[in-house]
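> If it helps, the file is called final_9.pdb and holds PDB, C-alpha atoms:
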```
ATOM      1  CA  MET A 261     -20.435 -17.312 -11.594  1.00  0.00           C
ATOM      2  CA  ARG A 262     -20.315 -15.389  -8.326  1.00  0.00           C
ATOM      3  CA  SER A 263     -22.784 -16.183  -5.575  1.00  0.00           C
ATOM      4  CA  SER A 264     -24.426 -12.766  -5.742  1.00  0.00           C
ATOM      5  CA  LYS A 265     -24.697  -9.710  -7.930  1.00  0.00           C
ATOM      6  CA  GLU A 266     -23.697  -7.567  -4.939  1.00  0.00           C
ATOM      7  CA  PHE A 267     -20.445  -9.442  -4.298  1.00  0.00           C
ATOM      8  CA  ASN A 268     -19.598  -9.255  -7.995  1.00  0.00           C
ATOM      9  CA  GLU A 269     -20.123  -5.482  -7.831  1.00  0.00           C
ATOM     10  CA  HIS A 270     -17.776  -5.335  -4.825  1.00  0.00           C
ATOM     11  CA  ILE A 271     -15.069  -7.158  -6.819  1.00  0.00           C
ATOM     12  CA  LEU A 272     -15.537  -4.896  -9.839  1.00  0.00           C
ATOM     13  CA  LEU A 273     -15.372  -1.758  -7.685  1.00  0.00           C
ATOM     14  CA  GLY A 274     -12.137  -2.999  -6.104  1.00  0.00           C
ATOM     15  CA  ARG A 275     -10.633  -3.512  -9.542  1.00  0.00           C
ATOM     16  CA  LEU A 276     -11.804  -0.081 -10.652  1.00  0.00           C
ATOM     17  CA  GLU A 277     -10.242   1.500  -7.552  1.00  0.00           C
ATOM     18  CA  SER A 278      -6.903  -0.165  -8.354  1.00  0.00           C
ATOM     19  CA  LYS A 279      -7.163   1.029 -11.962  1.00  0.00           C
ATOM     20  CA  ILE A 280      -7.827   4.596 -10.813  1.00  0.00           C
ATOM     21  CA  TYR A 281      -4.684   4.558  -8.613  1.00  0.00           C
ATOM     22  CA  TYR A 282      -2.654   2.912 -11.371  1.00  0.00           C
ATOM     23  CA  GLU A 283      -3.643   5.554 -13.926  1.00  0.00           C
ATOM     24  CA  TRP A 284      -3.085   8.412 -11.448  1.00  0.00           C
ATOM     25  CA  CYS A 285       0.416   7.103 -10.774  1.00  0.00           C
ATOM     26  CA  GLN A 286       1.113   6.908 -14.503  1.00  0.00           C
ATOM     27  CA  LYS A 287       0.271  10.611 -14.804  1.00  0.00           C
ATOM     28  CA  LYS A 288       2.741  11.307 -11.979  1.00  0.00           C
ATOM     29  CA  GLY A 289       5.443   9.260 -13.718  1.00  0.00           C
ATOM     30  CA  ILE A 290       5.720   6.486 -11.145  1.00  0.00           C
ATOM     31  CA  SER A 291       4.449   2.928 -10.969  1.00  0.00           C
ATOM     32  CA  TYR A 292       1.763   2.101  -8.433  1.00  0.00           C
ATOM     33  CA  SER A 293       4.028  -0.526  -6.844  1.00  0.00           C
ATOM     34  CA  LEU A 294       6.875   1.952  -6.362  1.00  0.00           C
ATOM     35  CA  LEU A 295       4.533   4.546  -4.887  1.00  0.00           C
ATOM     36  CA  GLN A 296       3.175   1.995  -2.419  1.00  0.00           C
ATOM     37  CA  ILE A 297       6.700   1.138  -1.273  1.00  0.00           C
ATOM     38  CA  LEU A 298       7.604   4.809  -0.897  1.00  0.00           C
ATOM     39  CA  ASP A 299       4.372   5.414   1.018  1.00  0.00           C
ATOM     40  CA  LEU A 300       5.208   2.562   3.395  1.00  0.00           C
ATOM     41  CA  LEU A 301       8.738   3.850   3.930  1.00  0.00           C
ATOM     42  CA  TYR A 302       7.353   7.329   4.563  1.00  0.00           C
ATOM     43  CA  GLU A 303       5.258   5.864   7.398  1.00  0.00           C
ATOM     44  CA  TYR A 304       8.398   4.325   8.959  1.00  0.00           C
ATOM     45  CA  PRO A 305      11.113   7.010   8.875  1.00  0.00           C
ATOM     46  CA  ASP A 306      13.497   4.905  11.000  1.00  0.00           C
ATOM     47  CA  GLY A 307      13.487   2.211   8.317  1.00  0.00           C
ATOM     48  CA  VAL A 308      12.150  -1.296   7.870  1.00  0.00           C
ATOM     49  CA  GLU A 309      13.522  -4.606   6.684  1.00  0.00           C
ATOM     50  CA  ALA A 310      12.808  -5.827   3.160  1.00  0.00           C
ATOM     51  CA  LYS A 311      10.907  -8.773   4.643  1.00  0.00           C
ATOM     52  CA  PHE A 312       8.486  -6.352   6.313  1.00  0.00           C
ATOM     53  CA  ILE A 313       7.825  -4.590   2.997  1.00  0.00           C
ATOM     54  CA  SER A 314       7.360  -7.909   1.228  1.00  0.00           C
ATOM     55  CA  GLU A 315       4.922  -9.240   3.819  1.00  0.00           C
ATOM     56  CA  THR A 316       3.005  -5.985   4.246  1.00  0.00           C
ATOM     57  CA  MET A 317       2.553  -5.387   0.533  1.00  0.00           C
ATOM     58  CA  PHE A 318       2.248  -9.038  -0.532  1.00  0.00           C
ATOM     59  CA  ILE A 319       5.150  -8.745  -2.970  1.00  0.00           C
ATOM     60  CA  TYR A 320       7.444 -11.660  -3.740  1.00  0.00           C
ATOM     61  CA  LYS A 321      10.970 -11.088  -2.483  1.00  0.00           C
ATOM     62  CA  GLN A 322      12.416 -11.367  -6.015  1.00  0.00           C
ATOM     63  CA  THR A 323      10.009  -8.724  -7.322  1.00  0.00           C
ATOM     64  CA  LEU A 324      10.699  -6.467  -4.354  1.00  0.00           C
ATOM     65  CA  THR A 325      14.447  -6.686  -4.955  1.00  0.00           C
ATOM     66  CA  GLY A 326      14.011  -5.226  -8.443  1.00  0.00           C
ATOM     67  CA  LEU A 327      11.723  -2.458  -7.207  1.00  0.00           C
ATOM     68  CA  LEU A 328      14.097  -1.522  -4.385  1.00  0.00           C
ATOM     69  CA  LYS A 329      16.980  -1.438  -6.848  1.00  0.00           C
ATOM     70  CA  GLN A 330      15.081   1.110  -8.981  1.00  0.00           C
ATOM     71  CA  LEU A 331      14.412   3.286  -5.938  1.00  0.00           C
ATOM     72  CA  HIS A 332      18.039   3.018  -4.820  1.00  0.00           C
ATOM     73  CA  ASN A 333      19.349   3.890  -8.293  1.00  0.00           C
ATOM     74  CA  ASN A 334      17.141   6.997  -8.298  1.00  0.00           C
ATOM     75  CA  GLY A 335      18.559   8.009  -4.929  1.00  0.00           C
ATOM     76  CA  TYR A 336      15.234   7.696  -3.112  1.00  0.00           C
ATOM     77  CA  ILE A 337      16.174   5.009  -0.586  1.00  0.00           C
ATOM     78  CA  LYS A 338      19.181   3.880   1.395  1.00  0.00           C
ATOM     79  CA  THR A 339      20.055   0.689   3.222  1.00  0.00           C
ATOM     80  CA  GLU A 340      21.861   0.778   6.544  1.00  0.00           C
ATOM     81  CA  LYS A 341      22.713  -1.735   9.233  1.00  0.00           C
ATOM     82  CA  ASP A 342      20.513  -1.567  12.300  1.00  0.00           C
ATOM     83  CA  ILE A 343      22.339   0.150  15.174  1.00  0.00           C
ATOM     84  CA  ILE A 344      21.055  -2.395  17.708  1.00  0.00           C
ATOM     85  CA  ASP A 345      21.237  -5.589  15.628  1.00  0.00           C
ATOM     86  CA  LYS A 346      24.008  -5.383  13.020  1.00  0.00           C
ATOM     87  CA  ARG A 347      22.592  -8.432  11.196  1.00  0.00           C
ATOM     88  CA  ARG A 348      19.491  -6.462  10.216  1.00  0.00           C
ATOM     89  CA  LYS A 349      19.499  -4.146   7.215  1.00  0.00           C
ATOM     90  CA  LEU A 350      17.012  -1.307   7.365  1.00  0.00           C
ATOM     91  CA  ILE A 351      15.647   0.423   4.288  1.00  0.00           C
ATOM     92  CA  SER A 352      14.618   4.051   4.619  1.00  0.00           C
ATOM     93  CA  LEU A 353      14.047   7.137   2.522  1.00  0.00           C
ATOM     94  CA  THR A 354      16.879   9.487   1.693  1.00  0.00           C
ATOM     95  CA  ASP A 355      16.290  13.231   1.948  1.00  0.00           C
ATOM     96  CA  LYS A 356      15.751  13.250  -1.817  1.00  0.00           C
ATOM     97  CA  GLY A 357      13.263  10.377  -1.446  1.00  0.00           C
ATOM     98  CA  THR A 358      11.347  12.166   1.304  1.00  0.00           C
ATOM     99  CA  ILE A 359      11.043  15.327  -0.787  1.00  0.00           C
ATOM    100  CA  TYR A 360       9.919  13.286  -3.794  1.00  0.00           C
ATOM    101  CA  VAL A 361       7.384  11.273  -1.801  1.00  0.00           C
ATOM    102  CA  GLU A 362       5.934  14.344  -0.126  1.00  0.00           C
ATOM    103  CA  SER A 363       5.523  16.045  -3.498  1.00  0.00           C
ATOM    104  CA  ILE A 364       3.351  13.161  -4.664  1.00  0.00           C
ATOM    105  CA  LEU A 365       1.684  11.943  -1.479  1.00  0.00           C
ATOM    106  CA  ASN A 366       0.549  15.344  -0.213  1.00  0.00           C
ATOM    107  CA  ASP A 367      -1.548  15.719  -3.355  1.00  0.00           C
ATOM    108  CA  LEU A 368      -2.810  12.128  -3.117  1.00  0.00           C
ATOM    109  CA  TYR A 369      -3.690  12.398   0.581  1.00  0.00           C
ATOM    110  CA  LYS A 370      -5.655  15.609  -0.024  1.00  0.00           C
ATOM    111  CA  LYS A 371      -7.640  13.956  -2.807  1.00  0.00           C
ATOM    112  CA  GLU A 372      -8.270  10.810  -0.736  1.00  0.00           C
ATOM    113  CA  ASP A 373      -9.443  12.905   2.233  1.00  0.00           C
ATOM    114  CA  LEU A 374     -11.767  14.870  -0.041  1.00  0.00           C
ATOM    115  CA  VAL A 375     -13.231  11.635  -1.403  1.00  0.00           C
ATOM    116  CA  PHE A 376     -13.598   9.918   1.982  1.00  0.00           C
ATOM    117  CA  ASN A 377     -15.182  13.024   3.460  1.00  0.00           C
ATOM    118  CA  CYS A 378     -18.202  12.531   1.182  1.00  0.00           C
ATOM    119  CA  LEU A 379     -19.218  10.196   4.023  1.00  0.00           C
ATOM    120  CA  ASN A 380     -20.204  11.479   7.443  1.00  0.00           C
ATOM    121  CA  ASP A 381     -18.410  10.150  10.533  1.00  0.00           C
ATOM    122  CA  GLU A 382     -21.018   7.469  11.194  1.00  0.00           C
ATOM    123  CA  GLU A 383     -20.906   6.267   7.572  1.00  0.00           C
ATOM    124  CA  LYS A 384     -17.095   6.066   7.705  1.00  0.00           C
ATOM    125  CA  ILE A 385     -17.224   3.901  10.828  1.00  0.00           C
ATOM    126  CA  THR A 386     -19.951   1.685   9.346  1.00  0.00           C
ATOM    127  CA  PHE A 387     -18.092   1.361   6.034  1.00  0.00           C
ATOM    128  CA  ASN A 388     -14.867   0.271   7.754  1.00  0.00           C
ATOM    129  CA  LYS A 389     -16.686  -2.165  10.053  1.00  0.00           C
ATOM    130  CA  LEU A 390     -18.493  -3.788   7.131  1.00  0.00           C
ATOM    131  CA  TYR A 391     -15.375  -3.938   4.976  1.00  0.00           C
ATOM    132  CA  LYS A 392     -13.388  -5.443   7.848  1.00  0.00           C
ATOM    133  CA  LYS A 393     -16.115  -8.058   8.331  1.00  0.00           C
ATOM    134  CA  ILE A 394     -15.930  -9.041   4.653  1.00  0.00           C
ATOM    135  CA  VAL A 395     -12.131  -9.226   4.627  1.00  0.00           C
ATOM    136  CA  THR A 396     -11.970 -11.159   7.917  1.00  0.00           C
ATOM    137  CA  ASN A 397     -14.509 -13.719   6.723  1.00  0.00           C
ATOM    138  CA  LEU A 398     -12.867 -14.001   3.316  1.00  0.00           C
ATOM    139  CA  GLN A 399      -9.530 -14.647   4.999  1.00  0.00           C
ATOM    140  CA  LYS A 400     -11.138 -17.292   7.217  1.00  0.00           C
ATOM    141  CA  GLU A 401     -12.878 -19.068   4.352  1.00  0.00           C
ATOM    142  CA  LEU A 402     -10.019 -19.006   1.878  1.00  0.00           C
ATOM    143  CA  GLY A 403      -7.428 -19.700   4.566  1.00  0.00           C
ATOM    144  CA  GLU A 404      -9.213 -22.910   5.558  1.00  0.00           C
ATOM    145  CA  GLU A 405      -8.964 -24.261   2.023  1.00  0.00           C
ATOM    146  CA  SER A 406      -5.184 -23.976   1.933  1.00  0.00           C
ATOM    147  CA  GLU A 407      -4.682 -25.929   5.158  1.00  0.00           C
TER     148      GLU A 407
END
```
Would it be possible to restate this file's structure as structure tokens?

Amino acid sequence: MRSSKEFNEHILLGRLESKIYYEWCQKKGISYSLLQILDLLYEYPDGVEAKFISETMFIYKQTLTGLLKQLHNNGYIKTEKDIIDKRRKLISLTDKGTIYVESILNDLYKKEDLVFNCLNDEEKITFNKLYKKIVTNLQKELGEESE
């Protein structure tokens, strides 16, 4: 049993939020995991290494390899050697991938902005501060157990 009803509600709301995104992605014909990768790549147009994606999204390397293969086979991503360090392989969106991502993300971003704007500026700042405090303390407490 959780320590408090309020924390349990927080966990349930987090799960519901994930479910909402998952179901929205299904309607768009893409998995939530693939959309998250495309969103990340959209933020970094010059490309990123697979390790960065794996660490940022908390995806095992083996799982990521399969997801990247799907995106590559659909023509949404490309892999190129870094101009500066030839040992590094950078993953980025193709033109087709950028068009595809924008067609989905523009709609998603508008809806997210609409939802977040139900809060005033002060509430947004307070919400993020409180959420950061929870996550930081959770990381501290759970991180100590694994050491």
> Specify as a PyMOL selection string each residue included when the PyMOL selection byres ((chain A and resi 267-282) around 12) is applied to this file.
chain A and resi 261-266+283-296+368+371-372+391+394-395+398
> Could you name the residues that touch region 355-365 of chain A at 8 Å or less, counting all atoms listed in the file, but leaving out those on the same chain fewer than 3 positions away, as a list in words?
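Once the adjacent positions are removed, what remains is Lys288, Leu295, Leu298, Asp299, Tyr302, Gly335, Tyr336, Ile337, Leu368 and Tyr369 of chain A.
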> Mind running region 347-396 of chain A against region 308-331 of chain A at 9 Å and telling me each contacting residue's nearest atom pair with the distance in Å (one decimal), counting all atoms listed in the file, chain and number ascending, as a tab-separated table?

```
residue	atom	partner	partner_atom	distance
A:Arg348	CA	A:Glu309	CA	7.2
A:Lys349	CA	A:Glu309	CA	6.0
A:Leu350	CA	A:Glu309	CA	4.9
A:Ile351	CA	A:Val308	CA	5.3
A:Ser352	CA	A:Val308	CA	6.7
A:Gly357	CA	A:Leu331	CA	8.5
```
> Counting all atoms listed in the file, which of A:Ile343, A:Ile385, A:Leu390, A:Cys378 gets nearest to Gly307 (chain A)?
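Looking at the shortest contact to Gly307 (chain A), the residue is A:Ile343.
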> Can you tell me how far CA of Asn333 (chain A) sits from CA of Leu301 (chain A), in Å to one decimal?
16.2 Å
> Have a look at CA of Glu303 (chain A) and CA of Phe376 (chain A) and let me know their distance in Å, one decimal.
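Going from CA of Glu303 (chain A) over to CA of Phe376 (chain A), I get 20.0 Å.
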> Which centre and edge lengths in Å to one decimal define the box along x, y and z that fits every listed atom of region 261-275 of chain A plus 6 Å per side, as lines of an AutoDock Vina configuration file?

```
center_x = -17.7
center_y = -9.5
center_z = -7.9
size_x = 26.1
size_y = 27.6
size_z = 19.3
```
> Could you please determine the separation between CA of Asp342 (chain A) and CA of Asn366 (chain A) in Å, to one decimal place?
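Between CA of Asp342 (chain A) and CA of Asn366 (chain A) the gap works out to 29.0 Å.
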